[in-house]
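Asker: Dropping in protein.txt, with compact mmCIF, C-alpha atoms and all ligand atoms.
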# COMPACT_ATOMS: atom_id res chain seq x y z
CA MET K 1 10.09 54.20 -38.37
CA SER K 2 13.02 52.03 -37.48
CA GLU K 3 12.96 48.31 -38.13
CA ILE K 4 12.90 47.59 -34.40
CA THR K 5 9.86 49.85 -33.79
CA ALA K 6 8.05 48.31 -36.75
CA ALA K 7 8.67 44.85 -35.42
CA ARG K 8 7.29 45.83 -32.01
CA LYS K 9 4.09 47.17 -33.55
CA GLU K 10 3.42 43.95 -35.39
CA LYS K 11 0.73 41.78 -33.87
CA PRO K 12 2.08 38.66 -32.23
CA PRO K 13 1.52 35.59 -34.38
CA THR K 14 -1.68 33.77 -33.58
CA SER K 15 -1.34 30.09 -33.04
CA GLY K 16 -3.13 27.27 -31.25
CA ARG K 17 -6.31 25.39 -31.86
CA ILE K 18 -8.74 27.85 -30.24
CA ARG K 19 -7.43 30.91 -32.06
CA ASP K 20 -7.61 29.12 -35.40
CA GLU K 21 -11.30 28.33 -34.99
CA PRO K 22 -13.88 30.58 -36.67
CA ARG K 23 -15.18 33.37 -34.44
CA SER K 24 -18.71 31.90 -34.50
CA ALA K 25 -17.44 28.58 -33.19
CA ARG K 26 -15.62 30.29 -30.33
CA ARG K 27 -18.74 32.03 -29.09
CA LYS K 28 -20.88 28.91 -28.97
CA PRO K 29 -21.33 27.61 -25.43
CA ASP K 30 -19.76 24.21 -25.00
CA ARG K 31 -22.33 21.68 -23.81
CA ARG K 32 -19.61 19.83 -21.95
CA GLN K 33 -19.22 22.54 -19.32
CA THR K 34 -17.56 21.15 -16.21
CA LEU K 35 -18.63 21.84 -12.63
CA ILE K 36 -16.17 24.70 -12.39
CA GLY K 37 -17.55 26.21 -15.58
CA ILE K 38 -14.55 25.67 -17.82
CA ALA K 39 -14.99 23.77 -21.04
CA PRO K 40 -12.56 20.86 -21.42
CA ARG K 41 -11.25 22.29 -24.70
CA ALA K 42 -10.00 25.36 -22.83
CA PHE K 43 -7.21 23.23 -21.36
CA PRO K 44 -4.12 22.61 -23.42
CA ARG K 45 -3.50 19.14 -24.76
CA TYR K 46 -0.83 17.55 -22.57
CA PRO K 47 1.70 15.09 -23.94
CA ALA K 48 0.76 11.43 -24.12
CA PHE K 49 3.13 10.45 -21.29
CA MET K 50 1.03 12.15 -18.61
CA ALA K 51 -0.40 9.67 -16.10
CA TYR K 52 -2.75 9.40 -13.15
CA ARG K 53 -1.44 8.21 -9.78
CA ILE K 54 -3.07 7.29 -6.51
CA CYS K 55 -1.38 6.71 -3.18
CA LYS K 56 -2.61 4.45 -0.41
CA SER K 57 -0.98 5.27 2.92
CA ILE K 58 -0.95 3.10 6.05
CA GLU K 59 0.56 3.91 9.45
CA LEU K 60 2.36 1.34 11.56
CA GLU K 61 4.10 1.21 14.93
CA SER K 62 7.12 -0.72 13.74
CA GLY K 63 10.15 -1.94 15.67
CA HIS K 64 13.50 -3.03 14.28
CA LEU K 65 17.18 -3.23 15.03
CA LEU K 66 20.03 -2.93 12.56
CA SER K 67 22.66 -5.52 13.45
CA LYS K 68 25.32 -4.05 11.13
CA HIS K 69 24.92 -0.48 12.34
CA PRO K 70 27.78 0.99 14.35
CA GLY K 71 25.59 3.40 16.33
CA ASN K 72 22.37 3.38 18.31
CA CYS K 73 20.39 1.73 15.49
CA LYS K 74 21.83 -1.65 16.51
CA PHE K 75 19.63 -1.58 19.62
CA PRO K 76 15.90 -2.47 19.50
CA HIS K 77 13.84 0.64 18.86
CA GLY K 78 10.70 1.68 17.02
CA HIS K 79 9.31 4.15 14.50
CA THR K 80 5.84 5.39 13.72
CA ARG K 81 6.09 4.52 10.06
CA SER K 82 3.93 5.59 7.20
CA VAL K 83 3.94 3.19 4.25
CA GLU K 84 2.85 4.68 0.92
CA MET K 85 1.99 2.63 -2.14
CA VAL K 86 1.73 4.54 -5.42
CA PHE K 87 -0.29 3.06 -8.29
CA ARG K 88 -0.35 4.45 -11.79
CA ALA K 89 -2.47 4.29 -14.93
CA ASP K 90 -2.58 6.35 -18.11
CA THR K 91 -6.38 6.23 -18.23
CA LEU K 92 -9.26 6.07 -15.78
CA ASP K 93 -11.72 3.19 -15.38
CA SER K 94 -15.49 3.39 -15.86
CA ASN K 95 -15.74 4.87 -12.34
CA ASP K 96 -13.16 7.55 -13.26
CA MET K 97 -10.53 6.02 -10.99
CA VAL K 98 -7.05 4.52 -11.37
CA VAL K 99 -8.07 1.75 -9.02
CA ASP K 100 -10.47 1.78 -6.09
CA PHE K 101 -8.73 2.27 -2.71
CA LYS K 102 -10.83 -0.63 -1.44
CA ALA K 103 -9.26 -2.87 -4.09
CA VAL K 104 -5.82 -1.91 -2.76
CA LYS K 105 -6.91 -2.72 0.78
CA GLN K 106 -8.29 -6.07 -0.31
CA MET K 107 -5.25 -7.07 -2.33
CA MET K 108 -2.85 -6.26 0.55
CA GLY K 109 -4.91 -8.19 3.11
CA ASP K 110 -3.17 -8.44 6.50
CA PHE K 111 0.34 -8.32 5.07
CA LEU K 112 1.21 -4.89 6.45
CA GLN K 113 -0.42 -5.55 9.81
CA GLN K 114 2.26 -8.14 10.62
CA PHE K 115 4.72 -5.24 10.97
CA ASP K 116 2.55 -3.41 13.51
CA HIS K 117 3.90 -3.72 17.08
CA SER K 118 6.48 -6.22 15.83
CA LEU K 119 10.25 -6.28 15.75
CA CYS K 120 12.05 -6.78 12.41
CA VAL K 121 15.36 -8.59 12.91
CA ASN K 122 18.22 -9.78 10.69
CA THR K 123 18.32 -13.60 10.92
CA GLU K 124 22.08 -13.33 11.38
CA ASP K 125 21.78 -11.17 14.48
CA PRO K 126 23.44 -13.06 17.36
CA ASN K 127 20.26 -12.65 19.44
CA TYR K 128 17.81 -13.64 16.70
CA ALA K 129 16.97 -17.07 18.19
CA ALA K 130 16.50 -15.53 21.62
CA PHE K 131 14.11 -12.89 20.23
CA VAL K 132 12.03 -15.57 18.50
CA ALA K 133 11.99 -17.71 21.67
CA ALA K 134 10.76 -14.73 23.67
CA TYR K 135 8.30 -13.06 21.26
CA GLY K 136 7.39 -15.69 18.65
CA GLU K 137 5.48 -14.36 15.66
CA ARG K 138 6.04 -10.75 16.70
CA ILE K 139 9.60 -11.16 15.42
CA ILE K 140 9.68 -10.59 11.65
CA PRO K 141 12.74 -12.31 10.14
CA PHE K 142 14.79 -10.62 7.42
CA ASP K 143 16.95 -13.20 5.72
CA ARG K 144 20.61 -12.24 6.28
CA GLU K 145 19.98 -8.54 5.81
CA ASP K 146 19.17 -5.65 8.08
CA PRO K 147 15.54 -4.49 8.06
CA THR K 148 16.38 -0.94 7.00
CA SER K 149 13.65 1.26 5.57
CA GLU K 150 15.09 0.53 2.12
CA VAL K 151 14.81 -3.23 2.60
CA MET K 152 11.32 -2.88 4.09
CA ALA K 153 10.24 -0.80 1.07
CA ARG K 154 11.55 -3.50 -1.31
CA THR K 155 9.86 -6.28 0.70
CA ILE K 156 6.50 -4.49 0.66
CA PHE K 157 6.87 -3.55 -3.02
CA ASN K 158 7.50 -7.17 -4.06
CA PHE K 159 4.49 -8.40 -2.11
CA ALA K 160 2.24 -5.61 -3.42
CA ARG K 161 3.28 -6.17 -7.03
CA HIS K 162 2.49 -9.87 -6.75
CA ALA K 163 -0.83 -9.05 -5.06
CA LEU K 164 -1.64 -6.63 -7.88
CA GLU K 165 -1.00 -9.32 -10.50
CA LYS K 166 -3.37 -11.66 -8.68
CA ALA K 167 -6.00 -8.92 -8.31
CA ARG K 168 -5.92 -8.29 -12.08
CA GLU K 169 -6.97 -11.89 -12.64
CA GLY K 170 -9.88 -11.63 -10.22
CA SER K 171 -13.36 -10.45 -11.06
CA GLY K 172 -14.46 -9.22 -7.67
CA GLU K 173 -16.46 -6.21 -6.58
CA TYR K 174 -13.47 -3.94 -7.24
CA PRO K 175 -11.85 -5.10 -10.48
CA VAL K 176 -8.28 -4.08 -11.28
CA ARG K 177 -7.39 -3.31 -14.90
CA ASP K 178 -4.30 -4.72 -16.62
CA CYS K 179 -2.98 -1.21 -17.22
CA VAL K 180 -2.69 -0.40 -13.49
CA THR K 181 0.90 -0.68 -12.26
CA LEU K 182 2.59 -0.32 -8.89
CA GLU K 183 5.05 2.52 -9.33
CA ARG K 184 6.77 2.62 -5.94
CA VAL K 185 6.55 1.99 -2.23
CA ARG K 186 7.83 4.63 0.17
CA VAL K 187 8.55 3.85 3.83
CA TRP K 188 8.86 6.79 6.19
CA GLU K 189 11.22 6.36 9.11
CA THR K 190 10.79 9.81 10.64
CA SER K 191 8.90 12.91 9.56
CA SER K 192 11.97 13.98 7.59
CA SER K 193 13.39 10.66 6.33
CA TRP K 194 12.05 8.06 3.94
CA ALA K 195 13.28 5.28 1.68
CA GLU K 196 11.69 4.16 -1.56
CA TYR K 197 11.76 1.17 -3.88
CA GLY K 198 10.19 0.97 -7.31
CA GLU K 199 10.43 1.94 -10.94
ZN ZN L 1 15.32 2.67 13.15
Since I need it in another form, could you write the structure as structure tokens?
Answerer:
Amino acid sequence: MSEITAARKEKPPTSGRIRDEPRSARRKPDRRQTLIGIAPRAFPRYPAFMAYRICKSIELESGHLLSKHPGNCKFPHGHTRSVEMVFRADTLDSNDMVVDFKAVKQMMGDFLQQFDHSLCVNTEDPNYAAFVAAYGERIIPFDREDPTSEVMARTIFNFARHALEKAREGSGEYPVRDCVTLERVRVWETSSSWAEYGE
């Protein structure tokens, strides 16, 4: 028999926690059977950097104009935007959650609603004062920068991160653990275009 044939006939090396266990231990039913009938130990151990994430998504009818833009975006127009906030934690709480969606809703309050049926405008736009005179609080000022999706994502991220810090200190109905972080905020402009700000 050639060396190659002999090598092929060898049994593959056994490795891994389950194979190393005594046969009797393998046959024992695991009391911790899950709903889908697979014992937790049947899954491989994943590296420690794996994390849980949740995403809270809110839809807005949001207007803006981009004063610096050379094309049609310099005119007032609107988008049906979806705003996504992604929270992360390495472990789950006593309710087996990263953070309750209701806690996210509470911490954000009415902040996002101000963008609904409003017009976001660069304060340096030549017509800014006229917009404010005409539409008052429905004009959302962006201080010397265009309210692009990128800038909106950063604005919402900064508010949400501050709101998260305050929520951690609270002891309300939906507590927020110190280990929960805001990973990113994504702002959709169309069904095929989004901008994101975060870690
Ligand atoms: Zn636009």
Asker: Interatomic distance between atom CA of K:Arg177 and atom CA of K:Trp194?
Answerer: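 Those two atoms sit 29.4 Å apart.
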Asker: What lies within 12 Å of K:Asn127 using only C-alpha atoms, ignoring chain neighbours under 4 positions off, as a ChimeraX atom specification?
Answerer: /K:65-67,74-76,121-123,131-134,139,141
Asker: Considering all atoms listed in the file, can you say which of K:Cys73, K:Val86, K:Met108, K:Ala130 comes closest to ligand ZN 1 (chain L)?
Answerer: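 Under the stated criterion, the closest residue is K:Cys73.
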Asker: Calculate how many Å separate atom CA of K:Ala167 from atom CA of K:Met85, rounding to one decimal.
Answerer: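 Computing it gives 15.3 Å between the two atoms.
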Asker: Can you tell me which residues come within 12 Å of ligand ZN 1 (chain L) when counting all atoms listed in the file, ideally as a VMD selection string?
Answerer: chain K and resid 61 to 67 69 71 to 81 119 to 121 146 to 150 152 187 to 190 193 to 195
Asker: Hey, can you check how far atom CA of K:Asp143 sits from atom CA of K:Ala160?
Answerer: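 Separation of atom CA of K:Asp143 and atom CA of K:Ala160: 18.9 Å.
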Asker: Identify which of the residues K:Ala153, K:Ala51, K:Leu60, K:Leu164 lies closest to K:Leu92, counting all atoms listed in the file when measuring atom-to-atom distances.
Answerer: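 Distance minimum relative to K:Leu92 lands on K:Ala51.
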Asker: Which residue, K:Ala163, K:Val104, K:Ile156, K:Ala129, has the smallest gap to K:Arg184 when you use only C-alpha atoms?
Answerer: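 Using only C-alpha atoms, K:Arg184 sits closest to K:Ile156.
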Asker: Have a look at K:Ser171, K:Asn158, K:Ser94, K:Thr181 and name the one nearest to K:Tyr197; count all atoms listed in the file.
Answerer: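 Of K:Ser171, K:Asn158, K:Ser94, K:Thr181, the one nearest K:Tyr197 is K:Asn158, counting all atoms listed in the file.
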Asker: Return the single residue from K:Tyr128, K:Glu137, K:Glu199, K:Met97 that is closest to K:Gln114, with distances computed using only C-alpha atoms.
Answerer: K:Glu137
Asker: Would you please work out which residue, of K:Phe142, K:Phe101, K:Phe87, K:Phe159, is nearest to K:Asp125 when using all atoms listed in the file?
Answerer: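 The answer is K:Phe142, which sits nearest to K:Asp125.
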Asker: Select all residues near (1.0, 5.2, -14.0) (cut-off 6 Å, inclusive, file coordinates), counting only C-alpha atoms, and output them as a list of chain:residue names.
Answerer: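 Neighbouring residues, ordered by chain and number, come to K:Ala51, K:Tyr52, K:Arg53, K:Arg88, K:Ala89, K:Asp90.
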